[in-house]
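Student: Pasting start.tsv here (TSV, C-alpha atoms and all ligand atoms):
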```tsv
chain	number	residue	atom	x	y	z
A	10	MET	CA	25.46	11.61	-12.92
A	11	SER	CA	23.11	9.39	-10.93
A	12	ASP	CA	24.10	7.74	-7.67
A	13	SER	CA	23.51	4.00	-8.13
A	14	LYS	CA	22.50	3.72	-4.49
A	15	LEU	CA	20.15	6.73	-4.16
A	16	VAL	CA	16.41	5.91	-4.11
A	17	VAL	CA	13.57	8.43	-3.80
A	18	VAL	CA	10.76	7.07	-1.60
A	19	ALA	CA	7.31	8.66	-1.97
A	20	GLY	CA	4.86	7.47	0.68
A	21	ALA	CA	7.62	7.33	3.32
A	22	THR	CA	5.28	8.82	5.95
A	23	GLY	CA	2.84	5.92	5.49
A	24	TYR	CA	2.79	2.29	6.62
A	25	LEU	CA	4.39	0.64	3.60
A	26	GLY	CA	6.69	3.49	2.60
A	27	GLY	CA	8.13	3.65	6.13
A	28	HIS	CA	9.04	-0.03	5.98
A	29	VAL	CA	10.52	0.44	2.50
A	30	VAL	CA	12.74	3.26	3.79
A	31	GLU	CA	13.98	1.07	6.64
A	32	ALA	CA	14.66	-1.96	4.39
A	33	LEU	CA	16.50	0.13	1.79
A	34	HIS	CA	18.63	1.74	4.49
A	35	ARG	CA	19.50	-1.66	5.98
A	36	GLN	CA	20.51	-2.98	2.56
A	37	GLY	CA	22.94	-0.12	1.96
A	38	PHE	CA	20.84	2.16	-0.25
A	39	ARG	CA	20.77	5.89	0.32
A	40	VAL	CA	17.23	7.15	0.84
A	41	ARG	CA	15.72	10.49	-0.12
A	42	ALA	CA	12.25	10.57	1.42
A	43	LEU	CA	9.47	12.77	0.07
A	44	ALA	CA	7.28	14.16	2.83
A	45	ARG	CA	4.57	16.80	2.95
A	46	ARG	CA	5.67	17.60	6.48
A	47	ARG	CA	9.02	16.42	7.79
A	48	GLU	CA	7.67	15.63	11.27
A	49	LYS	CA	5.30	13.02	9.78
A	50	LEU	CA	8.32	10.78	9.14
A	51	ARG	CA	8.69	10.32	12.91
A	52	GLU	CA	11.15	7.50	13.73
A	53	VAL	CA	11.57	6.64	10.01
A	54	GLU	CA	13.59	9.86	9.60
A	55	SER	CA	16.58	8.18	11.24
A	56	PHE	CA	16.81	5.83	8.21
A	57	CYS	CA	16.64	8.69	5.68
A	58	ASP	CA	19.77	10.24	4.21
A	59	GLU	CA	17.80	13.19	2.85
A	60	VAL	CA	14.30	14.56	3.32
A	61	PHE	CA	12.67	16.42	0.43
A	62	VAL	CA	9.66	18.47	1.51
A	63	GLY	CA	7.06	18.67	-1.26
A	64	GLU	CA	3.47	17.91	-2.22
A	65	ALA	CA	3.19	15.13	-4.80
A	66	THR	CA	-0.13	16.66	-5.94
A	67	GLU	CA	1.64	19.98	-6.70
A	68	LEU	CA	4.05	19.43	-9.59
A	69	GLN	CA	5.90	22.73	-9.03
A	70	THR	CA	6.97	21.60	-5.53
A	71	LEU	CA	8.78	18.52	-6.91
A	72	ASP	CA	11.59	20.27	-8.81
A	73	GLY	CA	14.84	18.43	-8.09
A	74	LEU	CA	13.20	15.57	-6.20
A	75	PHE	CA	14.82	12.91	-8.38
A	76	HIS	CA	18.06	14.78	-9.05
A	77	GLY	CA	20.89	12.23	-9.09
A	78	ALA	CA	18.65	9.33	-8.06
A	79	PHE	CA	18.97	5.91	-9.64
A	80	ALA	CA	15.46	4.79	-8.67
A	81	GLY	CA	12.07	5.89	-7.40
A	82	PHE	CA	9.41	4.13	-5.35
A	83	SER	CA	5.84	5.24	-4.70
A	84	SER	CA	3.12	3.91	-2.40
A	85	ILE	CA	1.31	7.26	-2.29
A	86	GLY	CA	-2.45	6.84	-2.15
A	87	ILE	CA	-5.54	7.60	-0.11
A	88	ARG	CA	-7.03	5.23	2.46
A	89	HIS	CA	-9.58	7.64	3.95
A	90	PHE	CA	-13.31	8.20	3.51
A	91	ARG	CA	-13.12	12.01	3.37
A	92	ARG	CA	-14.32	13.63	0.16
A	93	ARG	CA	-11.09	15.56	-0.48
A	94	PRO	CA	-8.54	15.12	-1.81
A	95	THR	CA	-9.92	12.51	-4.19
A	96	PHE	CA	-8.17	9.33	-5.27
A	97	ARG	CA	-7.98	10.88	-8.76
A	98	GLU	CA	-5.89	13.73	-7.34
A	99	VAL	CA	-3.67	11.46	-5.24
A	100	ASP	CA	-3.54	7.84	-6.48
A	101	LEU	CA	-3.56	8.97	-10.11
A	102	ALA	CA	-2.41	12.57	-10.61
A	103	ALA	CA	0.18	12.72	-7.81
A	104	ASN	CA	1.76	9.45	-8.93
A	105	LEU	CA	1.80	10.65	-12.56
A	106	ASN	CA	3.62	13.78	-11.35
A	107	LEU	CA	6.23	11.57	-9.70
A	108	VAL	CA	6.68	9.43	-12.82
A	109	GLU	CA	7.09	12.55	-14.96
A	110	GLN	CA	9.66	14.07	-12.59
A	111	ALA	CA	11.61	10.81	-12.40
A	112	GLU	CA	11.72	10.55	-16.20
A	113	LEU	CA	12.86	14.17	-16.60
A	114	ALA	CA	15.70	13.51	-14.16
A	115	GLY	CA	16.85	10.40	-16.08
A	116	THR	CA	15.98	8.00	-13.26
A	117	ALA	CA	16.65	4.41	-14.37
A	118	ARG	CA	14.14	2.41	-12.31
A	119	PHE	CA	10.72	2.92	-10.73
A	120	VAL	CA	8.83	0.62	-8.36
A	121	PHE	CA	5.10	1.30	-8.01
A	122	VAL	CA	2.57	-0.32	-5.69
A	123	SER	CA	-0.81	-1.33	-7.09
A	124	VAL	CA	-3.09	-4.07	-5.75
A	125	LEU	CA	-3.15	-7.84	-6.12
A	126	ARG	CA	-4.14	-8.75	-9.71
A	127	GLY	CA	-5.04	-5.09	-10.29
A	128	ASP	CA	-4.55	-5.58	-14.04
A	129	GLN	CA	-7.38	-8.15	-14.06
A	130	LEU	CA	-9.64	-6.09	-11.77
A	131	ARG	CA	-10.09	-2.98	-13.89
A	132	GLY	CA	-13.66	-1.75	-13.67
A	133	VAL	CA	-14.22	-3.24	-10.19
A	134	SER	CA	-13.33	-0.03	-8.37
A	135	PRO	CA	-12.20	3.31	-9.83
A	136	LEU	CA	-9.45	3.27	-7.19
A	137	ILE	CA	-7.94	0.20	-8.84
A	138	ASP	CA	-8.42	1.83	-12.25
A	139	ALA	CA	-6.53	4.92	-11.04
A	140	ARG	CA	-3.54	2.87	-9.90
A	141	GLU	CA	-3.58	0.81	-13.08
A	142	GLN	CA	-3.54	4.02	-15.16
A	143	VAL	CA	-0.24	4.84	-13.45
A	144	VAL	CA	0.94	1.33	-14.40
A	145	ASP	CA	-0.07	2.04	-18.04
A	146	ARG	CA	1.97	5.26	-17.95
A	147	LEU	CA	4.99	3.43	-16.55
A	148	HIS	CA	4.73	0.87	-19.35
A	149	THR	CA	5.23	3.68	-21.89
A	150	SER	CA	8.21	5.08	-19.99
A	151	PRO	CA	11.88	4.62	-20.86
A	152	MET	CA	12.43	3.80	-17.17
A	153	ASP	CA	12.52	0.14	-16.11
A	154	SER	CA	9.52	-0.41	-13.89
A	155	CYS	CA	8.40	-3.07	-11.43
A	156	ILE	CA	4.76	-3.20	-10.28
A	157	LEU	CA	4.29	-4.65	-6.82
A	158	ARG	CA	0.80	-6.12	-6.50
A	159	PRO	CA	0.30	-7.11	-2.87
A	160	THR	CA	-2.72	-8.51	-1.08
A	161	GLY	CA	-3.90	-6.84	2.20
A	162	PHE	CA	-1.25	-5.36	4.51
A	163	PHE	CA	-0.97	-6.12	8.22
A	164	ASN	CA	-2.07	-2.54	9.04
A	165	ASP	CA	-5.45	-3.22	7.42
A	166	MET	CA	-5.76	-6.55	9.27
A	167	SER	CA	-5.65	-4.56	12.51
A	168	GLU	CA	-9.28	-3.66	11.73
A	169	TYR	CA	-10.26	-7.27	12.52
A	170	LEU	CA	-8.56	-6.88	15.91
A	171	THR	CA	-10.30	-3.56	16.58
A	172	MET	CA	-13.70	-5.14	15.84
A	173	SER	CA	-12.82	-8.24	17.89
A	174	ARG	CA	-12.04	-6.10	20.96
A	175	ARG	CA	-15.72	-5.10	20.84
A	176	GLY	CA	-16.78	-8.75	20.63
A	177	THR	CA	-18.14	-8.83	17.06
A	178	ALA	CA	-16.10	-9.01	13.87
A	179	TRP	CA	-17.71	-8.34	10.50
A	180	ILE	CA	-16.68	-10.64	7.68
A	181	ILE	CA	-17.15	-9.58	4.07
A	182	GLY	CA	-18.80	-12.27	1.95
A	183	SER	CA	-17.92	-15.79	2.99
A	184	ASP	CA	-16.04	-16.91	6.15
A	185	ALA	CA	-14.07	-19.19	3.88
A	186	THR	CA	-12.57	-16.47	1.63
A	187	ARG	CA	-8.81	-16.80	1.97
A	188	LEU	CA	-6.07	-14.22	1.86
A	189	ASN	CA	-2.41	-14.09	2.86
A	190	PRO	CA	-1.85	-10.69	4.46
A	191	ILE	CA	1.66	-9.30	4.26
A	192	HIS	CA	3.76	-7.23	6.67
A	193	GLY	CA	5.21	-3.97	5.34
A	194	ALA	CA	8.72	-5.13	6.35
A	195	ASP	CA	8.43	-8.13	3.99
A	196	LEU	CA	7.39	-5.82	1.14
A	197	GLY	CA	10.27	-3.52	2.08
A	198	GLU	CA	12.71	-6.43	1.66
A	199	LEU	CA	11.09	-7.30	-1.67
A	200	THR	CA	11.48	-3.71	-2.88
A	201	ALA	CA	15.16	-3.68	-1.97
A	202	SER	CA	15.68	-7.00	-3.75
A	203	VAL	CA	13.87	-6.08	-7.00
A	204	LEU	CA	15.86	-2.83	-7.18
A	205	GLN	CA	19.04	-4.92	-7.21
A	206	ALA	CA	17.76	-7.61	-9.60
A	207	GLU	CA	19.16	-7.93	-13.13
A	208	PRO	CA	16.88	-7.62	-14.95
A	209	MET	CA	14.29	-6.08	-12.64
A	210	PRO	CA	11.06	-8.14	-12.71
A	211	ALA	CA	8.14	-6.38	-14.42
A	212	GLU	CA	5.71	-7.28	-11.62
A	213	ARG	CA	5.19	-9.39	-8.50
A	214	ASN	CA	1.77	-10.51	-7.15
A	215	VAL	CA	2.61	-11.27	-3.54
A	216	GLY	CA	1.25	-11.98	-0.06
A	217	GLY	CA	2.54	-13.14	3.29
A	218	PRO	CA	3.57	-16.65	4.39
A	219	ASP	CA	0.21	-17.67	5.97
A	220	ILE	CA	-2.87	-18.32	3.83
A	221	LEU	CA	-5.85	-17.72	6.13
A	222	SER	CA	-9.61	-17.64	5.77
A	223	GLN	CA	-11.38	-14.58	7.21
A	224	ALA	CA	-12.77	-16.88	9.93
A	225	GLU	CA	-9.21	-17.98	10.82
A	226	ILE	CA	-8.09	-14.34	11.00
A	227	VAL	CA	-10.89	-13.64	13.50
A	228	ARG	CA	-9.85	-16.76	15.46
A	229	LEU	CA	-6.29	-15.38	15.67
A	230	CYS	CA	-7.76	-12.14	17.06
A	231	ALA	CA	-9.79	-14.08	19.63
A	232	GLN	CA	-6.68	-16.03	20.69
A	233	ALA	CA	-4.58	-12.87	21.00
A	234	LEU	CA	-7.31	-11.14	23.02
A	235	GLN	CA	-8.19	-14.29	24.97
A	236	ARG	CA	-11.87	-13.61	24.53
A	237	GLU	CA	-14.81	-14.91	22.55
A	238	VAL	CA	-15.52	-13.10	19.32
A	239	ARG	CA	-18.75	-13.47	17.31
A	240	THR	CA	-18.70	-13.12	13.56
A	241	ARG	CA	-21.33	-11.42	11.42
A	242	ARG	CA	-21.42	-11.37	7.63
A	243	VAL	CA	-21.96	-8.49	5.27
A	244	PRO	CA	-22.70	-9.69	1.73
A	245	GLY	CA	-20.68	-8.28	-1.15
A	246	TRP	CA	-23.81	-6.94	-2.85
A	247	VAL	CA	-24.49	-4.68	0.14
A	248	LEU	CA	-21.05	-3.08	-0.16
A	249	ARG	CA	-21.36	-2.79	-3.93
A	250	GLY	CA	-24.77	-1.14	-3.42
A	251	VAL	CA	-23.33	1.28	-0.87
A	252	GLY	CA	-20.51	2.00	-3.32
A	253	ALA	CA	-22.99	2.76	-6.11
A	254	VAL	CA	-25.13	5.06	-3.93
A	255	LEU	CA	-22.08	6.95	-2.65
A	256	ALA	CA	-20.48	7.42	-6.08
A	257	PRO	CA	-21.91	10.90	-6.83
A	258	LEU	CA	-21.63	12.07	-3.20
A	259	ASN	CA	-18.25	10.82	-2.07
A	260	PRO	CA	-16.10	9.15	-4.74
A	261	ASN	CA	-13.43	8.11	-2.20
A	262	ALA	CA	-15.87	6.27	0.09
A	263	SER	CA	-17.59	4.76	-2.95
A	264	ALA	CA	-14.32	3.47	-4.44
A	265	LEU	CA	-13.19	2.02	-1.10
A	266	ALA	CA	-16.54	0.26	-0.53
A	267	LYS	CA	-16.20	-1.35	-3.96
A	268	MET	CA	-12.66	-2.47	-3.05
A	269	PHE	CA	-13.86	-4.07	0.20
A	270	ALA	CA	-16.59	-5.88	-1.74
A	271	LEU	CA	-13.81	-7.72	-3.58
A	272	LEU	CA	-13.35	-9.92	-0.49
A	273	ALA	CA	-16.78	-11.37	-1.24
A	274	ALA	CA	-15.74	-12.23	-4.79
A	275	GLY	CA	-13.18	-14.88	-3.90
A	276	ASP	CA	-9.72	-15.56	-2.52
A	277	ALA	CA	-7.05	-12.85	-2.49
A	278	VAL	CA	-3.92	-14.96	-2.33
A	279	GLY	CA	-0.60	-13.85	-3.77
A	280	GLU	CA	2.68	-15.74	-4.07
A	281	PRO	CA	3.57	-16.37	-0.41
A	282	ILE	CA	6.77	-14.54	0.59
A	283	GLY	CA	8.27	-13.09	3.75
A	284	LYS	CA	8.64	-14.23	7.29
A	285	HIS	CA	6.20	-12.20	9.37
A	286	HIS	CA	3.19	-14.00	10.83
A	287	LEU	CA	-0.17	-12.37	11.56
A	288	ARG	CA	-0.49	-14.30	14.85
A	289	ASP	CA	2.69	-12.55	16.16
A	290	HIS	CA	1.49	-9.18	14.86
A	291	PHE	CA	-1.83	-9.46	16.74
A	292	ALA	CA	-0.03	-10.65	19.89
A	293	ALA	CA	2.33	-7.65	19.73
A	294	LEU	CA	-0.60	-5.23	19.26
A	295	VAL	CA	-2.45	-6.71	22.23
A	296	GLU	CA	0.70	-6.57	24.37
A	297	ALA	CA	1.36	-2.94	23.40
A	298	ASN	CA	-2.19	-2.05	24.39
A	299	ARG	CA	-2.03	-3.60	27.88
A	301	LIG	N1	-3.22	-1.25	2.88
A	301	LIG	C1	-3.41	-2.34	2.14
A	301	LIG	O1	-3.89	-3.38	2.61
A	301	LIG	C2	-2.99	-2.33	0.68
A	301	LIG	C3	-3.03	-3.50	-0.05
A	301	LIG	C4	-2.62	-3.50	-1.37
A	301	LIG	C5	-2.17	-2.31	-1.95
A	301	LIG	N2	-2.14	-1.17	-1.21
A	301	LIG	C6	-1.67	0.07	-1.85
A	301	LIG	O2	-0.60	0.59	-1.11
A	301	LIG	C7	-0.80	2.00	-0.88
A	301	LIG	C8	-0.09	2.40	0.40
A	301	LIG	O3	-0.69	1.75	1.51
A	301	LIG	P1	-0.28	2.20	2.99
A	301	LIG	O4	-0.98	1.23	3.89
A	301	LIG	O5	1.19	2.38	3.11
A	301	LIG	O6	-1.02	3.62	3.06
A	301	LIG	P2	-0.78	4.80	4.12
A	301	LIG	O7	-0.14	4.32	5.36
A	301	LIG	O8	-2.08	5.51	4.25
A	301	LIG	O9	0.27	5.77	3.35
A	301	LIG	C9	-0.17	6.55	2.28
A	301	LIG	C10	0.93	7.52	1.84
A	301	LIG	O10	0.36	8.35	0.81
A	301	LIG	C11	0.55	9.72	1.18
A	301	LIG	N3	-0.56	10.57	0.80
A	301	LIG	C12	-1.87	10.40	1.09
A	301	LIG	N4	-2.58	11.45	0.65
A	301	LIG	C13	-1.69	12.30	0.08
A	301	LIG	C14	-1.79	13.59	-0.56
A	301	LIG	N5	-2.97	14.22	-0.66
A	301	LIG	N6	-0.67	14.15	-1.02
A	301	LIG	C15	0.52	13.53	-0.91
A	301	LIG	N7	0.70	12.33	-0.30
A	301	LIG	C16	-0.40	11.74	0.17
A	301	LIG	C17	0.64	9.73	2.69
A	301	LIG	O11	1.31	10.92	3.07
A	301	LIG	P3	0.86	11.72	4.42
A	301	LIG	O12	1.43	10.91	5.55
A	301	LIG	O13	1.48	13.04	4.26
A	301	LIG	O14	-0.64	11.74	4.43
A	301	LIG	C18	1.42	8.44	2.97
A	301	LIG	O15	2.81	8.65	2.85
A	301	LIG	C19	-2.32	2.16	-0.86
A	301	LIG	O16	-2.71	3.47	-1.23
A	301	LIG	C20	-2.79	1.11	-1.85
A	301	LIG	O17	-2.89	1.64	-3.14
A	301	LIG	C21	-2.54	-1.16	0.08
```
Is it possible to give me this structure as structure tokens?
Tutor:
Amino acid sequence: MSDSKLVVVAGATGYLGGHVVEALHRQGFRVRALARRREKLREVESFCDEVFVGEATELQTLDGLFHGAFAGFSSIGIRHFRRRPTFREVDLAANLNLVEQAELAGTARFVFVSVLRGDQLRGVSPLIDAREQVVDRLHTSPMDSCILRPTGFFNDMSEYLTMSRRGTAWIIGSDATRLNPIHGADLGELTASVLQAEPMPAERNVGGPDILSQAEIVRLCAQALQREVRTRRVPGWVLRGVGAVLAPLNPNASALAKMFALLAAGDAVGEPIGKHHLRDHFAALVEANR
């Protein structure tokens, strides 16, 4: 028997997964969080009903993870430049392990996080390809699945603030490229709502409420810091070149460089949702750092 309120959250120790845990808890779901090490959940643990300690990359450690659960969610993936583990081991293989375990347990629904328009961006970066291969697998599954395809998260936008503190912010491609970054809490709310939707939507390409050019994002940083910030441009071809050179040496760094180069290829704007504004996020970061 599955508990219609029990959701397994993989990625709970990360930025998005932590917000998903909190949103599900607030909306009356019961949360079973997967963590490699319990202490990495930090304050998010107070929103978890159960903690399952396991390694998503090691199938044999996942026995029972989905037992009795009505749904699963995964935002597991790498965002580091180290050589190991590779995105193939984490973004692809670990997520396939989770899908397989959820199916075996008779889980009804699965929500997976890919990237904005990832289905149209196959071949651009092997990291996108890896996530889309998980999407392909979900499409052959008896589980109902929903693919969340968000644009950049607020945690990644903090990089603009870090650069701005030093006085120079690097912009990829054109100043005018627009995106609508989204807060993890808004994606958490979306996850809770799709899990309750009848029928569950097959996918959502989403972003935050403010559509901003890269130059406007740097201006928000300058306002929050109350200082002048210069901008410098790095053309997309440079990042694609770096990505190509790094491919045999460090597949993770290569794949990430090719992802960043996407910002030079045009706007990254999803359906605007949510209520969190980047201006407030930068102001809060600056305040916390005083
Ligand atoms: N950030 C963005 O702007 C953005 C935009 C669109 C889509 N996305 C997608 O959303 C995903 C999640 O983003 P995020 O910002 O929440 O990332 P994050 O904060 O780095 O969280 C990543 C999660 O994956 C887990 N993980 C990493 N390596 C692992 C491994 N070897 N074995 C098991 N678990 C592992 C982490 O667990 P540990 O804490 O144990 O390391 C963590 O829970 C990304 O990977 C990306 O595909 C991100």
Student: Taking all atoms listed in the file and a cut-off of 6 Å, can you tell me which residues surround ligand LIG 301 (chain A), written as a list in words?
Tutor: Gly20, Ala21, Thr22, Gly23, Tyr24, Leu25, Gly26, Arg45, Glu64, Ala65, Thr66, Ser84, Ile85, Gly86, Ile87, Arg88, Pro94, Val99, Val122, Ser123, Val124, Pro159, Thr160, Gly161, Phe162 and Asp165 of chain A
Student: Any chance you could tabulate, as CSV, the residues of region 151-236 of chain A at most 12 Å from region 283-297 of chain A with each one's nearest atom pair and distance in Å to one decimal, using all atoms listed in the file, in chain and rising number order?
Tutor:
```
residue,atom,partner,partner_atom,distance
A:Pro159,CA,A:Gly283,CA,12.0
A:Gly161,CA,A:Leu287,CA,11.5
A:Phe162,CA,A:Leu287,CA,10.0
A:Phe163,CA,A:Leu287,CA,7.1
A:Asn164,CA,A:His290,CA,9.5
A:Asp165,CA,A:Leu287,CA,11.3
A:Met166,CA,A:Leu287,CA,8.4
A:Ser167,CA,A:Phe291,CA,7.5
A:Glu168,CA,A:Phe291,CA,10.7
A:Tyr169,CA,A:Phe291,CA,9.7
A:Leu170,CA,A:Phe291,CA,7.3
A:Thr171,CA,A:Val295,CA,10.2
A:Ser173,CA,A:Phe291,CA,11.1
A:Arg174,CA,A:Val295,CA,9.7
A:Leu188,CA,A:Leu287,CA,11.5
A:Asn189,CA,A:Leu287,CA,9.1
A:Pro190,CA,A:Leu287,CA,7.5
A:Ile191,CA,A:His285,CA,7.4
A:His192,CA,A:His285,CA,6.2
A:Gly193,CA,A:His285,CA,9.2
A:Ala194,CA,A:His285,CA,8.1
A:Asp195,CA,A:Gly283,CA,5.0
A:Leu196,CA,A:Gly283,CA,7.8
A:Gly197,CA,A:Gly283,CA,9.9
A:Glu198,CA,A:Gly283,CA,8.3
A:Leu199,CA,A:Gly283,CA,8.4
A:Thr200,CA,A:Gly283,CA,11.9
A:Val215,CA,A:Gly283,CA,9.4
A:Gly216,CA,A:Gly283,CA,8.1
A:Gly217,CA,A:Gly283,CA,5.7
A:Pro218,CA,A:Gly283,CA,5.9
A:Asp219,CA,A:His286,CA,6.8
A:Ile220,CA,A:Leu287,CA,10.1
A:Leu221,CA,A:Leu287,CA,9.5
A:Glu225,CA,A:Arg288,CA,10.3
A:Ile226,CA,A:Leu287,CA,8.2
A:Val227,CA,A:Phe291,CA,10.5
A:Arg228,CA,A:Arg288,CA,9.7
A:Leu229,CA,A:Arg288,CA,6.0
A:Cys230,CA,A:Phe291,CA,6.5
A:Ala231,CA,A:Phe291,CA,9.6
A:Gln232,CA,A:Ala292,CA,8.6
A:Ala233,CA,A:Ala292,CA,5.2
A:Leu234,CA,A:Val295,CA,6.6
A:Gln235,CA,A:Val295,CA,9.9
A:Arg236,CA,A:Val295,CA,11.9
```
Student: Of the residues A:Arg239, A:Arg118, A:Arg46, A:Arg131, which is the one nearest to Ala80 (chain A), using only C-alpha atoms?
Tutor: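 Among the listed residues, A:Arg118 lies closest to Ala80 (chain A).
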Student: Which centre and which edge lengths, in Å to one decimal, describe the axis-aligned box that holds all listed atoms of region 213-229 of chain A after 3 Å is added on each side, as lines of an AutoDock Vina configuration file?
Tutor:
```
center_x = -3.8
center_y = -13.9
center_z = 3.6
size_x = 24.0
size_y = 14.9
size_z = 30.2
```
Student: As an exercise, work out the distance from CA of Glu31 (chain A) to CA of Glu207 (chain A) in Å and give it to one decimal place.
Tutor: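 Going from CA of Glu31 (chain A) over to CA of Glu207 (chain A) covers 22.3 Å.
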Student: My list of candidates is A:Ser83, A:Gln110, A:Gln223, A:Ser183. Which is closest to Leu157 (chain A) when distances are computed with all atoms listed in the file?
Tutor: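 Closest to Leu157 (chain A), using all atoms listed in the file: A:Ser83.
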Student: Find the distance between CA of Glu212 (chain A) and CA of Gly37 (chain A) and write it in Å to one decimal.
Tutor: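 These atoms are spaced 23.1 Å apart.
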Student: Need to verify the contact set: Leu113 (chain A), 10 Å, only C-alpha atoms, exclusion of same-chain residues closer than 4 positions in sequence. Can you return it as a list of chain:residue names?
Tutor: A:Asp72, A:Gly73, A:Phe75, A:His76, A:Leu107, A:Val108, A:Glu109
Student: Which protein, DNA or RNA residues are at most 12 Å from (25.0, 7.6, -9.0) in the file's coordinates when you count all atoms listed in the file, listed as a tab-separated table (two decimals) with C-alpha atoms, keeping the file's coordinate frame?
Tutor:
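What ended up in part-v5.tsv:
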```
chain	number	residue	atom	x	y	z
A	10	MET	CA	25.46	11.61	-12.92
A	11	SER	CA	23.11	9.39	-10.93
A	12	ASP	CA	24.10	7.74	-7.67
A	13	SER	CA	23.51	4.00	-8.13
A	14	LYS	CA	22.50	3.72	-4.49
A	15	LEU	CA	20.15	6.73	-4.16
A	16	VAL	CA	16.41	5.91	-4.11
A	38	PHE	CA	20.84	2.16	-0.25
A	39	ARG	CA	20.77	5.89	0.32
A	75	PHE	CA	14.82	12.91	-8.38
A	76	HIS	CA	18.06	14.78	-9.05
A	77	GLY	CA	20.89	12.23	-9.09
A	78	ALA	CA	18.65	9.33	-8.06
A	79	PHE	CA	18.97	5.91	-9.64
A	80	ALA	CA	15.46	4.79	-8.67
A	115	GLY	CA	16.85	10.40	-16.08
A	116	THR	CA	15.98	8.00	-13.26
A	117	ALA	CA	16.65	4.41	-14.37
```
Student: Mind filling out region 94-108 of chain A with N, CA and C atoms and sending it as a PDB file, in the frame of the given file?
Tutor:
```pdb
ATOM      1  N   PRO A  94      -8.671  15.169  -0.368  1.00  0.00           N
ATOM      2  CA  PRO A  94      -8.540  15.120  -1.810  1.00  0.00           C
ATOM      3  C   PRO A  94      -9.026  13.788  -2.353  1.00  0.00           C
ATOM      4  N   THR A  95      -9.372  13.743  -3.624  1.00  0.00           N
ATOM      5  CA  THR A  95      -9.920  12.510  -4.190  1.00  0.00           C
ATOM      6  C   THR A  95      -8.792  11.571  -4.615  1.00  0.00           C
ATOM      7  N   PHE A  96      -9.168  10.307  -4.799  1.00  0.00           N
ATOM      8  CA  PHE A  96      -8.170   9.330  -5.270  1.00  0.00           C
ATOM      9  C   PHE A  96      -7.652   9.726  -6.654  1.00  0.00           C
ATOM     10  N   ARG A  97      -8.469  10.467  -7.423  1.00  0.00           N
ATOM     11  CA  ARG A  97      -7.980  10.880  -8.760  1.00  0.00           C
ATOM     12  C   ARG A  97      -6.847  11.895  -8.607  1.00  0.00           C
ATOM     13  N   GLU A  98      -6.949  12.732  -7.552  1.00  0.00           N
ATOM     14  CA  GLU A  98      -5.890  13.730  -7.340  1.00  0.00           C
ATOM     15  C   GLU A  98      -4.628  13.085  -6.753  1.00  0.00           C
ATOM     16  N   VAL A  99      -4.811  12.024  -5.959  1.00  0.00           N
ATOM     17  CA  VAL A  99      -3.670  11.460  -5.240  1.00  0.00           C
ATOM     18  C   VAL A  99      -3.167  10.178  -5.932  1.00  0.00           C
ATOM     19  N   ASP A 100      -4.003   9.121  -5.922  1.00  0.00           N
ATOM     20  CA  ASP A 100      -3.540   7.840  -6.480  1.00  0.00           C
ATOM     21  C   ASP A 100      -3.142   7.969  -7.954  1.00  0.00           C
ATOM     22  N   LEU A 101      -3.881   8.823  -8.692  1.00  0.00           N
ATOM     23  CA  LEU A 101      -3.560   8.970 -10.110  1.00  0.00           C
ATOM     24  C   LEU A 101      -2.631  10.170 -10.364  1.00  0.00           C
ATOM     25  N   ALA A 102      -3.161  11.389 -10.161  1.00  0.00           N
ATOM     26  CA  ALA A 102      -2.410  12.570 -10.610  1.00  0.00           C
ATOM     27  C   ALA A 102      -1.075  12.734  -9.872  1.00  0.00           C
ATOM     28  N   ALA A 103      -1.072  12.530  -8.559  1.00  0.00           N
ATOM     29  CA  ALA A 103       0.180  12.720  -7.810  1.00  0.00           C
ATOM     30  C   ALA A 103       1.229  11.701  -8.266  1.00  0.00           C
ATOM     31  N   ASN A 104       0.789  10.454  -8.484  1.00  0.00           N
ATOM     32  CA  ASN A 104       1.760   9.450  -8.930  1.00  0.00           C
ATOM     33  C   ASN A 104       2.239   9.727 -10.349  1.00  0.00           C
ATOM     34  N   LEU A 105       1.352  10.271 -11.210  1.00  0.00           N
ATOM     35  CA  LEU A 105       1.800  10.650 -12.560  1.00  0.00           C
ATOM     36  C   LEU A 105       2.826  11.781 -12.481  1.00  0.00           C
ATOM     37  N   ASN A 106       2.619  12.708 -11.548  1.00  0.00           N
ATOM     38  CA  ASN A 106       3.620  13.780 -11.350  1.00  0.00           C
ATOM     39  C   ASN A 106       4.987  13.189 -11.009  1.00  0.00           C
ATOM     40  N   LEU A 107       4.965  12.188 -10.125  1.00  0.00           N
ATOM     41  CA  LEU A 107       6.230  11.570  -9.700  1.00  0.00           C
ATOM     42  C   LEU A 107       6.914  10.867 -10.875  1.00  0.00           C
ATOM     43  N   VAL A 108       6.110  10.145 -11.667  1.00  0.00           N
ATOM     44  CA  VAL A 108       6.680   9.430 -12.820  1.00  0.00           C
ATOM     45  C   VAL A 108       7.310  10.439 -13.793  1.00  0.00           C
TER      46      VAL A 108
END
```
